[in-house]
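Coordinates from run-v3.cif are shown below (mmCIF, C-alpha atoms).
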```cif
data_run
#
loop_
_atom_site.label_atom_id
_atom_site.label_comp_id
_atom_site.auth_asym_id
_atom_site.auth_seq_id
_atom_site.Cartn_x
_atom_site.Cartn_y
_atom_site.Cartn_z
CA MET A 1 205.08 37.42 30.94
CA PRO A 2 208.52 37.09 29.33
CA ILE A 3 208.19 35.60 25.87
CA GLN A 4 210.52 32.72 26.68
CA ASP A 5 208.40 31.35 29.54
CA PRO A 6 206.58 28.20 28.40
CA PHE A 7 202.99 27.12 28.48
CA VAL A 8 203.09 24.27 31.02
CA VAL A 9 200.60 21.41 31.19
CA VAL A 10 200.57 19.47 34.47
CA GLY A 11 199.12 16.04 33.84
CA ALA A 12 200.13 13.92 30.87
CA GLY A 13 196.84 12.14 30.27
CA LEU A 14 194.34 12.54 27.44
CA ALA A 15 193.32 16.09 28.39
CA GLY A 16 196.92 17.24 28.74
CA ALA A 17 198.07 15.61 25.51
CA LYS A 18 195.15 17.02 23.52
CA ALA A 19 195.84 20.46 24.99
CA ALA A 20 199.47 20.31 23.82
CA GLU A 21 198.32 19.11 20.41
CA THR A 22 195.82 21.96 20.12
CA LEU A 23 198.37 24.59 21.11
CA ARG A 24 200.47 23.55 18.13
CA GLU A 25 197.49 23.22 15.79
CA GLU A 26 196.40 26.76 16.72
CA GLY A 27 199.80 28.09 15.75
CA PHE A 28 201.42 28.60 19.14
CA ASP A 29 205.17 28.38 18.50
CA GLY A 30 206.46 29.07 22.00
CA PRO A 31 207.80 26.42 24.36
CA VAL A 32 205.35 23.79 25.63
CA VAL A 33 206.17 21.56 28.60
CA LEU A 34 204.01 18.54 29.42
CA VAL A 35 204.64 17.06 32.89
CA GLY A 36 203.32 13.62 33.86
CA ALA A 37 203.70 11.62 37.06
CA GLU A 38 203.45 8.24 35.31
CA PRO A 39 206.39 6.75 33.41
CA GLU A 40 204.25 6.25 30.29
CA ARG A 41 203.62 8.80 27.60
CA PRO A 42 199.98 10.03 27.51
CA TYR A 43 197.34 7.37 27.00
CA GLU A 44 193.55 7.03 26.98
CA ARG A 45 191.76 5.14 29.73
CA PRO A 46 188.79 3.43 27.99
CA PRO A 47 190.93 0.60 26.52
CA LEU A 48 192.17 -0.27 30.01
CA SER A 49 188.80 -1.72 31.03
CA LYS A 50 187.56 -2.54 27.54
CA GLN A 51 189.51 -3.72 24.49
CA TYR A 52 192.95 -4.10 26.06
CA LEU A 53 191.65 -5.97 29.10
CA LEU A 54 189.61 -8.19 26.77
CA ASP A 55 192.79 -8.89 24.76
CA ARG A 56 191.13 -7.51 21.63
CA ALA A 57 193.60 -4.65 21.20
CA GLY A 58 197.29 -4.25 21.86
CA ARG A 59 198.85 -2.10 24.55
CA ASP A 60 199.90 0.54 22.03
CA SER A 61 196.26 1.19 21.14
CA ALA A 62 195.89 3.19 24.35
CA PHE A 63 198.48 5.84 23.55
CA VAL A 64 197.28 9.26 22.39
CA HIS A 65 200.26 9.89 20.09
CA ASP A 66 203.12 7.93 18.63
CA ALA A 67 206.31 8.01 20.66
CA GLY A 68 207.99 10.42 18.27
CA TRP A 69 205.13 12.92 18.09
CA TYR A 70 206.25 15.01 21.08
CA ALA A 71 209.73 15.63 19.72
CA ASP A 72 208.36 16.23 16.23
CA GLN A 73 206.00 18.88 17.61
CA ASP A 74 208.64 20.40 19.88
CA VAL A 75 206.66 19.48 23.00
CA GLU A 76 208.92 18.78 25.98
CA LEU A 77 207.43 15.66 27.56
CA ARG A 78 208.57 15.04 31.12
CA THR A 79 207.31 11.66 32.35
CA GLY A 80 207.81 10.12 35.79
CA VAL A 81 207.94 13.59 37.33
CA ARG A 82 205.50 15.06 39.85
CA ALA A 83 204.60 18.68 40.37
CA THR A 84 204.88 19.43 44.09
CA ARG A 85 204.22 23.16 44.41
CA LEU A 86 202.43 25.81 42.40
CA ASP A 87 203.05 29.50 43.04
CA PRO A 88 200.51 31.45 40.97
CA ALA A 89 201.78 34.84 42.12
CA ALA A 90 205.32 34.11 40.94
CA HIS A 91 204.16 31.99 37.97
CA ARG A 92 206.41 29.13 39.04
CA LEU A 93 205.95 25.37 39.29
CA THR A 94 208.18 23.16 41.43
CA LEU A 95 208.83 19.51 40.52
CA ASP A 96 209.83 16.63 42.77
CA THR A 97 213.26 16.77 41.15
CA GLY A 98 213.74 20.12 42.88
CA GLU A 99 213.57 21.98 39.58
CA GLU A 100 211.48 25.12 39.25
CA ILE A 101 209.78 26.03 35.98
CA ALA A 102 208.63 29.56 35.26
CA TYR A 103 205.46 29.58 33.16
CA ALA A 104 203.46 32.08 31.15
CA ARG A 105 200.26 30.05 31.44
CA LEU A 106 199.60 26.72 33.08
CA LEU A 107 196.98 24.01 32.67
CA LEU A 108 196.06 21.66 35.50
CA ALA A 109 195.05 18.33 33.94
CA THR A 110 196.05 16.23 36.92
CA GLY A 111 193.10 13.85 36.68
CA ALA A 112 191.97 11.59 39.50
CA SER A 113 192.99 8.43 41.30
CA ALA A 114 191.01 5.36 42.27
CA ARG A 115 189.19 5.73 45.58
CA ARG A 116 190.67 3.30 48.10
CA LEU A 117 188.55 0.80 49.99
CA PRO A 118 188.58 1.73 53.70
CA VAL A 119 188.20 -1.72 55.30
CA PRO A 120 190.56 -4.08 57.13
CA GLY A 121 192.56 -6.21 54.72
CA ALA A 122 192.43 -3.77 51.83
CA GLU A 123 196.24 -3.68 51.79
CA LEU A 124 196.58 -7.44 51.14
CA ASP A 125 198.23 -8.75 48.02
CA GLY A 126 195.62 -9.64 45.42
CA VAL A 127 193.55 -6.49 45.96
CA ARG A 128 193.50 -4.62 42.67
CA TYR A 129 192.40 -1.24 41.35
CA LEU A 130 192.09 -0.20 37.72
CA ARG A 131 193.11 3.34 36.93
CA THR A 132 196.52 3.26 35.24
CA LEU A 133 198.07 1.37 32.37
CA ALA A 134 200.25 -0.46 34.88
CA ASP A 135 197.07 -1.50 36.72
CA ALA A 136 195.63 -2.82 33.47
CA ASP A 137 198.82 -4.73 32.65
CA ARG A 138 198.70 -6.50 35.99
CA LEU A 139 194.97 -7.19 35.92
CA LYS A 140 195.12 -8.52 32.38
CA ALA A 141 197.82 -10.98 33.45
CA ASP A 142 195.70 -11.97 36.46
CA LEU A 143 192.66 -12.75 34.32
CA ALA A 144 194.23 -14.18 31.19
CA ASP A 145 194.36 -17.87 32.07
CA GLY A 146 190.88 -18.06 33.60
CA GLY A 147 189.78 -20.31 36.42
CA ARG A 148 190.07 -17.70 39.17
CA GLN A 149 187.46 -16.48 41.62
CA LEU A 150 187.01 -12.71 41.56
CA VAL A 151 185.08 -10.53 43.93
CA ILE A 152 184.47 -7.07 42.49
CA VAL A 153 183.64 -4.36 44.99
CA GLY A 154 181.45 -1.75 43.34
CA ALA A 155 179.00 -2.11 40.45
CA GLY A 156 179.91 1.10 38.66
CA TRP A 157 181.24 1.30 35.11
CA ILE A 158 184.73 0.05 35.96
CA GLY A 159 183.45 -2.80 38.12
CA LEU A 160 180.99 -4.01 35.50
CA GLU A 161 183.44 -3.74 32.61
CA VAL A 162 186.02 -5.70 34.60
CA ALA A 163 183.33 -8.29 35.39
CA ALA A 164 182.56 -8.70 31.69
CA ALA A 165 186.24 -9.02 30.80
CA ALA A 166 186.86 -11.51 33.62
CA ARG A 167 183.98 -13.69 32.47
CA SER A 168 185.21 -13.56 28.88
CA HIS A 169 188.51 -15.03 30.11
CA GLY A 170 186.71 -17.83 31.97
CA ASN A 171 186.84 -16.58 35.55
CA ALA A 172 184.13 -16.84 38.20
CA VAL A 173 182.85 -13.41 39.23
CA THR A 174 180.90 -12.02 42.18
CA VAL A 175 179.95 -8.34 42.30
CA VAL A 176 179.14 -6.64 45.61
CA GLU A 177 177.35 -3.28 45.57
CA PRO A 178 175.87 -1.29 48.50
CA GLN A 179 173.22 0.42 46.35
CA PRO A 180 169.93 -1.25 45.30
CA THR A 181 171.15 -1.82 41.74
CA PRO A 182 174.32 -1.49 39.72
CA LEU A 183 174.89 2.07 38.48
CA HIS A 184 172.12 3.27 40.76
CA ALA A 185 173.45 6.80 41.25
CA VAL A 186 173.71 7.37 37.49
CA LEU A 187 170.85 5.35 36.01
CA GLY A 188 168.40 4.77 38.85
CA GLN A 189 166.48 1.64 39.76
CA GLN A 190 164.84 0.68 36.46
CA MET A 191 167.87 1.04 34.21
CA GLY A 192 170.24 -0.28 36.85
CA GLU A 193 168.27 -3.52 36.77
CA VAL A 194 169.03 -3.85 33.05
CA PHE A 195 172.72 -4.20 33.89
CA ALA A 196 172.10 -6.46 36.86
CA ARG A 197 170.13 -8.80 34.61
CA LEU A 198 172.79 -8.66 31.88
CA HIS A 199 175.53 -9.80 34.24
CA ARG A 200 173.43 -12.46 35.92
CA GLN A 201 172.63 -13.88 32.47
CA HIS A 202 176.38 -14.21 31.94
CA GLY A 203 176.94 -16.13 35.15
CA VAL A 204 177.92 -13.29 37.50
CA ASP A 205 176.65 -13.36 41.08
CA VAL A 206 175.42 -9.80 41.72
CA PHE A 207 174.76 -8.92 45.36
CA THR A 208 173.17 -5.49 45.82
CA ASP A 209 172.26 -3.73 49.09
CA THR A 210 175.43 -5.38 50.38
CA THR A 211 178.38 -3.70 52.09
CA VAL A 212 181.94 -5.02 52.34
CA ARG A 213 183.20 -5.17 55.92
CA GLU A 214 186.60 -6.84 55.59
CA ILE A 215 188.98 -8.64 53.26
CA ARG A 216 190.53 -11.68 54.90
CA GLY A 217 193.79 -13.18 53.78
CA ALA A 218 196.02 -16.21 53.97
CA ASP A 219 199.82 -15.85 53.88
CA GLY A 220 199.49 -12.15 53.14
CA ARG A 221 197.16 -12.59 50.17
CA ALA A 222 193.42 -11.93 49.84
CA ALA A 223 191.37 -15.09 50.25
CA SER A 224 187.80 -14.00 51.03
CA VAL A 225 185.54 -10.97 51.31
CA VAL A 226 183.32 -10.50 54.36
CA THR A 227 180.12 -8.48 53.87
CA ASP A 228 177.18 -7.60 56.06
CA ARG A 229 175.45 -10.60 54.46
CA HIS A 230 178.26 -13.09 53.86
CA ALA A 231 180.70 -14.70 56.27
CA GLY A 232 183.25 -14.98 53.48
CA LEU A 233 182.96 -14.87 49.69
CA PRO A 234 185.91 -16.85 48.25
CA ALA A 235 188.31 -14.62 46.34
CA ASP A 236 191.57 -15.32 44.55
CA LEU A 237 191.43 -11.69 43.49
CA VAL A 238 189.54 -8.63 44.73
CA VAL A 239 188.99 -5.75 42.31
CA VAL A 240 187.86 -2.46 43.82
CA GLY A 241 185.88 0.00 41.70
CA ILE A 242 184.25 2.51 44.03
CA GLY A 243 184.88 5.75 42.19
CA ALA A 244 187.69 8.24 41.82
CA VAL A 245 189.10 11.17 43.76
CA PRO A 246 190.25 14.26 41.83
CA HIS A 247 193.88 15.29 42.26
CA THR A 248 193.30 18.74 43.73
CA HIS A 249 196.14 18.94 46.26
CA LEU A 250 198.43 21.03 44.05
CA ALA A 251 195.65 23.53 43.36
CA ALA A 252 194.37 23.64 46.94
CA SER A 253 197.82 24.21 48.43
CA ALA A 254 198.31 27.05 45.95
CA GLY A 255 195.14 28.75 47.19
CA LEU A 256 192.97 28.04 44.15
CA GLU A 257 189.25 27.56 44.67
CA VAL A 258 188.51 23.85 45.04
CA ASP A 259 185.09 22.25 45.49
CA ASN A 260 184.82 18.63 44.30
CA GLY A 261 187.52 19.51 41.79
CA VAL A 262 189.38 22.61 40.71
CA VAL A 263 186.70 25.23 40.15
CA THR A 264 186.75 26.97 36.77
CA ASP A 265 184.54 29.35 34.84
CA HIS A 266 182.95 28.57 31.47
CA ALA A 267 186.32 29.11 29.75
CA LEU A 268 188.15 26.67 32.06
CA ARG A 269 189.95 29.51 33.87
CA THR A 270 190.63 28.88 37.56
CA SER A 271 190.56 31.47 40.34
CA ALA A 272 194.28 32.17 39.75
CA PRO A 273 195.45 34.34 36.84
CA ASP A 274 196.90 32.35 33.93
CA VAL A 275 196.00 28.98 35.49
CA PHE A 276 193.43 26.77 33.77
CA ALA A 277 192.00 23.32 34.50
CA ALA A 278 190.50 20.56 32.35
CA GLY A 279 189.57 16.89 32.42
CA ASP A 280 188.68 14.80 35.47
CA VAL A 281 190.03 17.36 37.93
CA ALA A 282 188.00 20.34 36.68
CA ALA A 283 184.67 21.39 38.14
CA SER A 284 183.72 23.71 35.31
CA PHE A 285 180.77 26.06 35.06
CA ARG A 286 178.32 24.77 32.45
CA PRO A 287 175.84 27.41 31.22
CA LEU A 288 173.54 24.57 30.07
CA TYR A 289 173.08 23.50 33.69
CA GLY A 290 173.70 26.83 35.40
CA ARG A 291 176.16 25.23 37.81
CA HIS A 292 179.61 23.71 38.14
CA VAL A 293 179.90 20.14 36.92
CA ARG A 294 182.80 17.70 37.20
CA VAL A 295 182.79 14.88 34.65
CA GLU A 296 185.22 11.96 34.76
CA HIS A 297 184.55 10.42 31.38
CA TRP A 298 186.70 10.12 28.26
CA ALA A 299 184.80 12.64 26.14
CA ASN A 300 185.24 15.35 28.74
CA ALA A 301 189.03 14.97 28.61
CA LEU A 302 189.03 14.61 24.83
CA HIS A 303 187.22 17.92 24.32
CA GLY A 304 188.20 19.74 27.50
CA GLY A 305 191.93 19.69 26.78
CA PRO A 306 191.55 21.46 23.42
CA ALA A 307 189.07 23.96 24.87
CA ALA A 308 191.50 24.82 27.66
CA ALA A 309 194.34 25.25 25.15
CA ARG A 310 192.30 27.73 23.14
CA SER A 311 191.38 29.57 26.31
CA MET A 312 195.08 29.73 27.26
CA LEU A 313 195.68 31.38 23.88
CA GLY A 314 193.14 34.08 24.67
CA GLN A 315 190.39 32.80 22.39
CA ASP A 316 186.73 33.23 23.33
CA VAL A 317 185.81 29.82 24.76
CA VAL A 318 182.59 28.51 26.28
CA PHE A 319 183.03 24.86 27.29
CA ASP A 320 179.46 23.66 27.52
CA ARG A 321 179.30 20.21 25.97
CA VAL A 322 176.61 17.73 26.94
CA PRO A 323 178.33 15.04 29.06
CA TYR A 324 178.76 11.75 27.19
CA PHE A 325 180.12 8.29 27.90
CA PHE A 326 179.89 4.79 26.51
CA THR A 327 180.35 1.22 27.63
CA ASP A 328 180.69 -2.21 26.05
CA GLN A 329 179.80 -5.24 28.18
CA TYR A 330 179.46 -8.70 26.61
CA GLU A 331 177.29 -8.18 23.51
CA LEU A 332 175.74 -4.95 24.84
CA GLY A 333 176.87 -1.55 23.63
CA MET A 334 175.58 1.64 25.20
CA GLU A 335 175.97 5.41 24.91
CA TYR A 336 174.71 7.89 27.50
CA SER A 337 174.33 11.64 27.08
CA GLY A 338 173.33 14.26 29.65
CA LEU A 339 172.89 14.39 33.40
CA ALA A 340 169.82 12.79 34.94
CA GLY A 341 168.55 13.70 38.38
CA PRO A 342 167.34 11.26 41.04
CA GLY A 343 163.73 12.37 40.68
CA ASP A 344 163.58 12.23 36.90
CA THR A 345 161.00 10.13 35.10
CA VAL A 346 162.21 7.41 32.71
CA VAL A 347 160.53 6.98 29.31
CA CYS A 348 161.57 4.10 27.04
CA ARG A 349 161.48 3.75 23.28
CA GLY A 350 161.61 -0.02 22.89
CA ASP A 351 161.50 -2.73 25.53
CA PRO A 352 164.50 -2.87 27.92
CA ASP A 353 163.67 -6.51 28.68
CA ARG A 354 163.78 -7.71 25.11
CA GLY A 355 166.29 -5.90 22.97
CA PRO A 356 167.56 -2.61 21.65
CA PHE A 357 166.00 0.45 23.26
CA ILE A 358 166.49 4.09 24.13
CA ALA A 359 165.79 5.39 27.63
CA PHE A 360 165.10 9.07 28.23
CA TRP A 361 165.15 10.82 31.57
CA MET A 362 162.71 13.71 31.92
CA ALA A 363 162.09 16.54 34.37
CA ASP A 364 159.42 19.23 33.92
CA GLY A 365 158.60 17.79 30.53
CA ARG A 366 162.16 18.20 29.24
CA VAL A 367 164.77 15.57 28.40
CA THR A 368 167.71 15.65 30.81
CA ALA A 369 169.52 12.52 29.61
CA GLY A 370 169.30 9.74 27.07
CA MET A 371 170.78 6.25 26.94
CA ASN A 372 170.79 4.27 23.70
CA VAL A 373 171.40 0.55 24.13
CA ASP A 374 172.34 -1.31 20.94
CA VAL A 375 170.80 1.56 18.97
CA TRP A 376 173.28 3.62 16.98
CA ASP A 377 173.65 7.01 15.31
CA VAL A 378 171.22 8.73 17.66
CA THR A 379 173.63 10.60 19.94
CA ALA A 380 173.35 13.87 17.99
CA PRO A 381 169.54 14.19 18.18
CA ILE A 382 169.51 13.04 21.81
CA GLN A 383 172.03 15.70 22.72
CA GLN A 384 170.09 18.30 20.73
CA LEU A 385 166.94 17.34 22.66
CA ILE A 386 168.80 17.90 25.91
CA ARG A 387 170.36 21.16 24.79
CA SER A 388 167.14 22.60 23.36
CA ARG A 389 165.29 22.21 26.67
CA ARG A 390 162.12 21.83 24.64
CA GLN A 391 159.09 20.31 26.31
CA VAL A 392 158.27 16.94 24.75
CA GLN A 393 155.27 14.68 25.15
CA PRO A 394 156.41 11.36 26.68
CA ALA A 395 154.22 9.43 24.24
CA ARG A 396 156.10 10.93 21.29
CA LEU A 397 159.43 10.11 22.89
CA ALA A 398 158.32 6.52 23.31
CA ASP A 399 157.00 6.21 19.75
CA PRO A 400 159.63 4.59 17.48
CA ASP A 401 157.87 6.04 14.42
CA THR A 402 158.50 9.62 15.56
CA PRO A 403 161.97 10.70 14.39
CA LEU A 404 164.12 12.03 17.20
CA GLU A 405 165.33 14.75 14.84
CA LEU A 406 161.75 16.02 14.61
CA LEU A 407 161.44 16.20 18.41
CA ALA A 408 164.80 17.92 18.74
CA GLY A 409 163.71 20.71 16.42
#
```
Could you take the file, read its structure, and then write that structure out as structure tokens?
Amino acid sequence: MPIQDPFVVVGAGLAGAKAAETLREEGFDGPVVLVGAEPERPYERPPLSKQYLLDRAGRDSAFVHDAGWYADQDVELRTGVRATRLDPAAHRLTLDTGEEIAYARLLLATGASARRLPVPGAELDGVRYLRTLADADRLKADLADGGRQLVIVGAGWIGLEVAAAARSHGNAVTVVEPQPTPLHAVLGQQMGEVFARLHRQHGVDVFTDTTVREIRGADGRAASVVTDRHAGLPADLVVVGIGAVPHTHLAASAGLEVDNGVVTDHALRTSAPDVFAAGDVAASFRPLYGRHVRVEHWANALHGGPAAARSMLGQDVVFDRVPYFFTDQYELGMEYSGLAGPGDTVVCRGDPDRGPFIAFWMADGRVTAGMNVDVWDVTAPIQQLIRSRRQVQPARLADPDTPLELLAG
């Protein structure tokens, strides 16, 4: 490639911003272009449903870098611009401005968007999603004064964090979830019930095994939610949190391999030469699991962006981190590491009904995931347990007098 062609990062979120930062830290002194569809400079998403929505942190706390960082580091930040066409053979990227950019290497960090609710009335005013900083601005204003009736569709992480924030602002909250418990696909029945109980204790009506059929409005605005069990749940506001859809259109139309995300190898290289992918959009091969895994959480973007940057520079990279995420809801704080399967056995250290505890998921005598609830500084040994694939006796896992470091080896 000609020396003057830049390294281009498509997607100005956390993964993209950390990739640009790492390119400079690793000594790359060529041109770097960071293209983002949103008008904002890169920001992190956890504050949107946590501290910022709770009004415990300012808006600026979400940004990855100060406003002047990009110019100081000679990174050309292009916000409010969409990439419309990728031509891997010609090494060219087309923007919605009509401009074409030739690139030496390119990183797809295009992220994901909130999955839309496919029911009548979903287009009414008062139906909210939470994915962008603009979404958070609007939802924060909606909740701030309290006294409103919210129906939250989906008891995943976003739905539950919004429920906790809404209650903290003095709003009435109902959560509707089609699965048997909140977080059922991730945590299963037993641990999902922990979060159902938590929210019910804080005055939230939690309806599981319940499917939304329609949102009904008055004067163009949402007024109630119809389910297969309710003729109409009153709603001043409806917040939808039913997952996210990776932004793969650019990659797919360019002929890259796509399968629940942009498929990459262990070094975050896609099927096209000189094109890489990281963050929410990447389905990367993880040697630990022997398969491709797509992870939508903050830590994956935080570490995936730098790994992709090093791979773009030709360094020997194996991106094989144990998946990790965290949540804060009311007084509960939780960290989760690993990937549990639906048939895994749950072993608890401590009593989930009474206080701090650690839950472990096991398959074939090995730990596949761990969740520490109001127990801190145990992420490293939990992740080492997962990575080691050592067989562990459940009784020793459950014994609080047995150090996790000893079990991890």
Apply the PyMOL selection byres ((chain A and resi 42-54) around 9) to the structure shown and report the selected residues as a PyMOL selection string.
chain A and resi 11-14+16-17+36+38+40-41+55-65+79+130-133+135-137+139-140+143-144+158-159+161-162+164-166+168-169+297-298+327-329
Check which residues satisfy the PyMOL selection byres ((chain A and resi 110-121) around 6) in the file shown, then give them as a VMD selection string.
chain A and resid 11 108 to 109 122 to 124 214 to 216 243 to 247 280 to 281
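Across the model, the gap from CA of Val318 (chain A) to CA of Val33 (chain A) is 24.7 Å.
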Measuring atom to atom with only C-alpha atoms, identify which of A:Val10, A:Met334, A:Leu93, A:Ala267 is nearest to Asp320 (chain A).
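Nearest candidate to Asp320 (chain A) out of A:Val10, A:Met334, A:Leu93, A:Ala267: A:Ala267.
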Taking into account only C-alpha atoms, which residue in the set A:Gln201, A:Gln315, A:Thr227, A:Thr270 is nearest to Val176 (chain A)?
A:Thr227
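As for CA of Ala308 (chain A) and CA of Arg286 (chain A), they are spaced 14.0 Å apart.
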Test item: residues at most 8 Å from Leu86 (chain A), only C-alpha atoms, excluding those fewer than 3 positions along its chain, as a list in words:
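Once the adjacent positions are removed, what remains is Ala83, His91, Arg92, Leu93, Thr94, Leu250, Ala251, Ser253 and Ala254 of chain A.
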Of A:Ala252, A:Ala172, A:Leu302, A:Leu237, the one nearest to Glu21 (chain A) when counting all atoms listed in the file is A:Leu302
Provide region 109-128 of chain A of the preceding structure as a file containing N, CA and C atoms, as a PDB file, in the first residue's frame.
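Done, and the output landed in decode07.pdb:
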```
ATOM      1  N   ALA A 109     -15.483  -1.174  13.424  1.00  0.00           N
ATOM      2  CA  ALA A 109     -15.911  -1.127  14.820  1.00  0.00           C
ATOM      3  C   ALA A 109     -17.281  -0.458  14.858  1.00  0.00           C
ATOM      4  N   THR A 110     -18.157  -0.949  13.987  1.00  0.00           N
ATOM      5  CA  THR A 110     -19.439  -0.297  13.728  1.00  0.00           C
ATOM      6  C   THR A 110     -20.498  -0.585  14.783  1.00  0.00           C
ATOM      7  N   GLY A 111     -20.213  -1.485  15.723  1.00  0.00           N
ATOM      8  CA  GLY A 111     -21.108  -1.682  16.850  1.00  0.00           C
ATOM      9  C   GLY A 111     -22.431  -2.328  16.494  1.00  0.00           C
ATOM     10  N   ALA A 112     -23.455  -1.937  17.224  1.00  0.00           N
ATOM     11  CA  ALA A 112     -24.783  -2.535  17.079  1.00  0.00           C
ATOM     12  C   ALA A 112     -25.820  -1.471  17.372  1.00  0.00           C
ATOM     13  N   SER A 113     -27.053  -1.767  17.017  1.00  0.00           N
ATOM     14  CA  SER A 113     -28.163  -0.863  17.324  1.00  0.00           C
ATOM     15  C   SER A 113     -29.228  -1.616  18.097  1.00  0.00           C
ATOM     16  N   ALA A 114     -30.054  -0.882  18.805  1.00  0.00           N
ATOM     17  CA  ALA A 114     -31.108  -1.502  19.600  1.00  0.00           C
ATOM     18  C   ALA A 114     -32.095  -2.246  18.699  1.00  0.00           C
ATOM     19  N   ARG A 115     -32.418  -3.453  19.082  1.00  0.00           N
ATOM     20  CA  ARG A 115     -33.424  -4.231  18.341  1.00  0.00           C
ATOM     21  C   ARG A 115     -34.793  -3.577  18.512  1.00  0.00           C
ATOM     22  N   ARG A 116     -35.501  -3.384  17.418  1.00  0.00           N
ATOM     23  CA  ARG A 116     -36.796  -2.713  17.468  1.00  0.00           C
ATOM     24  C   ARG A 116     -37.901  -3.705  17.844  1.00  0.00           C
ATOM     25  N   LEU A 117     -38.919  -3.190  18.493  1.00  0.00           N
ATOM     26  CA  LEU A 117     -40.041  -4.009  18.928  1.00  0.00           C
ATOM     27  C   LEU A 117     -41.044  -4.146  17.790  1.00  0.00           C
ATOM     28  N   PRO A 118     -41.284  -5.377  17.302  1.00  0.00           N
ATOM     29  CA  PRO A 118     -42.123  -5.545  16.108  1.00  0.00           C
ATOM     30  C   PRO A 118     -43.602  -5.760  16.444  1.00  0.00           C
ATOM     31  N   VAL A 119     -44.229  -4.756  17.058  1.00  0.00           N
ATOM     32  CA  VAL A 119     -45.652  -4.861  17.386  1.00  0.00           C
ATOM     33  C   VAL A 119     -46.356  -3.583  16.953  1.00  0.00           C
ATOM     34  N   PRO A 120     -47.666  -3.638  16.743  1.00  0.00           N
ATOM     35  CA  PRO A 120     -48.410  -2.418  16.430  1.00  0.00           C
ATOM     36  C   PRO A 120     -48.239  -1.386  17.535  1.00  0.00           C
ATOM     37  N   GLY A 121     -48.062  -0.139  17.147  1.00  0.00           N
ATOM     38  CA  GLY A 121     -47.933   0.953  18.102  1.00  0.00           C
ATOM     39  C   GLY A 121     -46.511   1.259  18.531  1.00  0.00           C
ATOM     40  N   ALA A 122     -45.554   0.473  18.042  1.00  0.00           N
ATOM     41  CA  ALA A 122     -44.171   0.685  18.470  1.00  0.00           C
ATOM     42  C   ALA A 122     -43.600   1.997  17.967  1.00  0.00           C
ATOM     43  N   GLU A 123     -44.281   2.611  16.989  1.00  0.00           N
ATOM     44  CA  GLU A 123     -43.790   3.875  16.434  1.00  0.00           C
ATOM     45  C   GLU A 123     -44.352   5.084  17.171  1.00  0.00           C
ATOM     46  N   LEU A 124     -45.209   4.882  18.166  1.00  0.00           N
ATOM     47  CA  LEU A 124     -45.834   5.998  18.878  1.00  0.00           C
ATOM     48  C   LEU A 124     -44.806   6.831  19.641  1.00  0.00           C
ATOM     49  N   ASP A 125     -45.114   8.090  19.826  1.00  0.00           N
ATOM     50  CA  ASP A 125     -44.307   8.933  20.685  1.00  0.00           C
ATOM     51  C   ASP A 125     -44.367   8.377  22.105  1.00  0.00           C
ATOM     52  N   GLY A 126     -43.262   8.480  22.815  1.00  0.00           N
ATOM     53  CA  GLY A 126     -43.219   7.927  24.163  1.00  0.00           C
ATOM     54  C   GLY A 126     -42.648   6.527  24.232  1.00  0.00           C
ATOM     55  N   VAL A 127     -42.339   5.934  23.082  1.00  0.00           N
ATOM     56  CA  VAL A 127     -41.640   4.640  23.054  1.00  0.00           C
ATOM     57  C   VAL A 127     -40.154   4.937  22.932  1.00  0.00           C
ATOM     58  N   ARG A 128     -39.384   4.460  23.884  1.00  0.00           N
ATOM     59  CA  ARG A 128     -37.969   4.808  23.976  1.00  0.00           C
ATOM     60  C   ARG A 128     -37.084   3.563  23.855  1.00  0.00           C
TER      61      ARG A 128
END
```
